[in-house]
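Trainee: Pasting in a structure now, in structure tokens, and then I'll have a few things to ask.
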Amino acid sequence: MRRRISNDQISAKIARVRRGLVLRANSLLITIYGDAIAPRNQSVWLGSLITLMEPFGLSSRLVRTSAFRLTADDWFTATRLGRRSFYGLSDTGQQRVQHADRRIYEFDLPAWDGHWTLALLDLKMRASARQHLRRELLWEGFGQVLPNLYAHPHADPLSLQEILKAAKAEDQVAVLQASSIEGYSRKPLQAIMRDTFKLMEVELAWKQFIARFAPVVEDLPDLSQAEAFFVRTLLIHEYRRVLLRDPNLPEALLPADWPGIQAKALCETLYRGLLGSSESFLHALVETSDGALMTTPASIARRLA
């Protein structure tokens, strides 16, 4: 018999963190799996997923439908044990969340070496293949400079290789490295990057993120385990949503007082304060095809090393 999250486990004050957010079941499930399930590589009982999603206002019908759709889209694999359904990440799903994981939890990026990674697509590539690759490159943080040219200042070579291999596009994409020539003004590049990555929209999104989550810092000591999970999930969900639109440009190319720097520090502070209590909550509530959810794996603890 599954345990429920009662309404009084999420106080009205903490529930306000959710106010104004449009939460879609598919996207929220991906956040929960990427943040808490993928490092454990376990399959979770559908009943546990329904319980976890209740505080976010998502019905059991929506959760069932989303789990089915994510399985059809090769995010999940489904297993039946008796009358129960269990959902784990597929190989493709694992790869996708691992790529995002490298960006979300890298709170300290290495200093920029001045080089850009460029991906130049063959113009003869089929439209459907080009559209698929475009989606994967944008997810990885590349900016589309031209219809067939994408750029990234901190690209992960392994992730890019995996994307091209999965898309069977290794022979249709040239990967190049570029850097500015000394003595030329950076102003044109700053303007191009501002337009390419829609930095004004990203800046506004970061300011909204800070306004939503900064008040929670002082409440950290008083949160219940259920509230810690609730805030942790919304924190990573919204952080991921903005971060995957933010190219992590070097400070030299960013506007002054870029709020993304403050947002990243805020996310790290909150995640550090929420992790222990939220992990205890998940371990007590979630059932998997192996039995109980495993205790916090090293891969999660290393996020805050």
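Residue numbering restarts at 1 for every chain of the structure tokens, chains are lettered A, B, ... in their displayed order, and ligands are numbered from 1 as they appear.
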Run DSSP on the backbone and give me the residues of range 152-251 of chain A it puts in strand (DSSP E), as a list in words.

Mentor: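 Answer for range 152-251 of chain A, restricted to strand (DSSP E): His152, Val173, Ala174, Val175, Leu176, Gln177, Ala178 and Ser179 of chain A.
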
Trainee: Next, write the just-selected residues to a file, as an mmCIF file, in the first residue's frame, keeping C-alpha atoms as the atom set.

Mentor:
```
data_model
loop_
_atom_site.group_PDB
_atom_site.id
_atom_site.type_symbol
_atom_site.label_atom_id
_atom_site.label_comp_id
_atom_site.auth_asym_id
_atom_site.auth_seq_id
_atom_site.Cartn_x
_atom_site.Cartn_y
_atom_site.Cartn_z
ATOM 1 C CA HIS A 152 29.566 26.616 -28.093
ATOM 2 C CA VAL A 173 28.949 17.346 -39.490
ATOM 3 C CA ALA A 174 32.348 19.053 -39.473
ATOM 4 C CA VAL A 175 33.558 19.909 -35.957
ATOM 5 C CA LEU A 176 35.923 22.873 -35.894
ATOM 6 C CA GLN A 177 37.637 25.094 -33.363
ATOM 7 C CA ALA A 178 37.778 28.883 -33.638
ATOM 8 C CA SER A 179 39.124 31.829 -31.659
#
```

Trainee: Nearest residue to Lys198 in chain A out of A:Glu238, A:Asp257, A:Asp246, A:Asp73, using only C-alpha atoms?

Mentor: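 So, comparing all the options, the nearest one is A:Asp246.
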
Trainee: Excluding His237 in chain A and residues on its chain fewer than 3 positions from it, collect all residues at most 9 Å away from it, counting only C-alpha atoms, and give them as a list in words.

Mentor: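 Returned residues: Ser27, Leu28, Ile30, Thr31, Ile32, Arg232, Thr233, Leu234, Arg240, Arg241 and Val242 of chain A.
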
Trainee: Please write the residues from the selection above to a file, keeping C-alpha atoms, as a PDB file, in the first residue's frame.

Mentor:
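Done, and the output landed in part38.pdb:
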```pdb
ATOM      1  CA  SER A  27       8.984  17.525 -18.196  1.00  0.00           C
ATOM      2  CA  LEU A  28       8.638  17.177 -14.420  1.00  0.00           C
ATOM      3  CA  ILE A  30      12.305  13.943 -16.606  1.00  0.00           C
ATOM      4  CA  THR A  31      13.523  16.353 -13.923  1.00  0.00           C
ATOM      5  CA  ILE A  32      12.841  13.841 -11.137  1.00  0.00           C
ATOM      6  CA  ARG A 232      14.534  20.505  -4.598  1.00  0.00           C
ATOM      7  CA  THR A 233      12.463  19.268  -7.536  1.00  0.00           C
ATOM      8  CA  LEU A 234      11.136  22.721  -8.432  1.00  0.00           C
ATOM      9  CA  ARG A 240      17.403  23.290 -15.840  1.00  0.00           C
ATOM     10  CA  ARG A 241      14.767  25.120 -17.862  1.00  0.00           C
ATOM     11  CA  VAL A 242      16.760  28.363 -17.841  1.00  0.00           C
TER      12      VAL A 242
END
```

Trainee: Please give the complete set of residues from range 17-265 of chain A that DSSP, run on the backbone, assigns to helix (DSSP H, G or I), formatted as a ChimeraX atom specification.

Mentor: /A:17-18,25-37,46-56,60-72,91-104,127-139,157-166,187-196,199-222,225-243,251-253,259-265

Trainee: Between A:Arg303, A:Tyr105, A:Val22, A:Leu89, which is the closest to Asn41 in chain A once you count only C-alpha atoms?

Mentor: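 Counting only C-alpha atoms, the residue closest to Asn41 in chain A is A:Leu89.
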
Trainee: Could you check which of A:Ala119, A:Trp206, A:Glu201, A:Gly141 is closest to Glu170 in chain A, using only C-alpha atoms?

Mentor: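 Among A:Ala119, A:Trp206, A:Glu201, A:Gly141, it is A:Ala119 that comes nearest to Glu170 in chain A.
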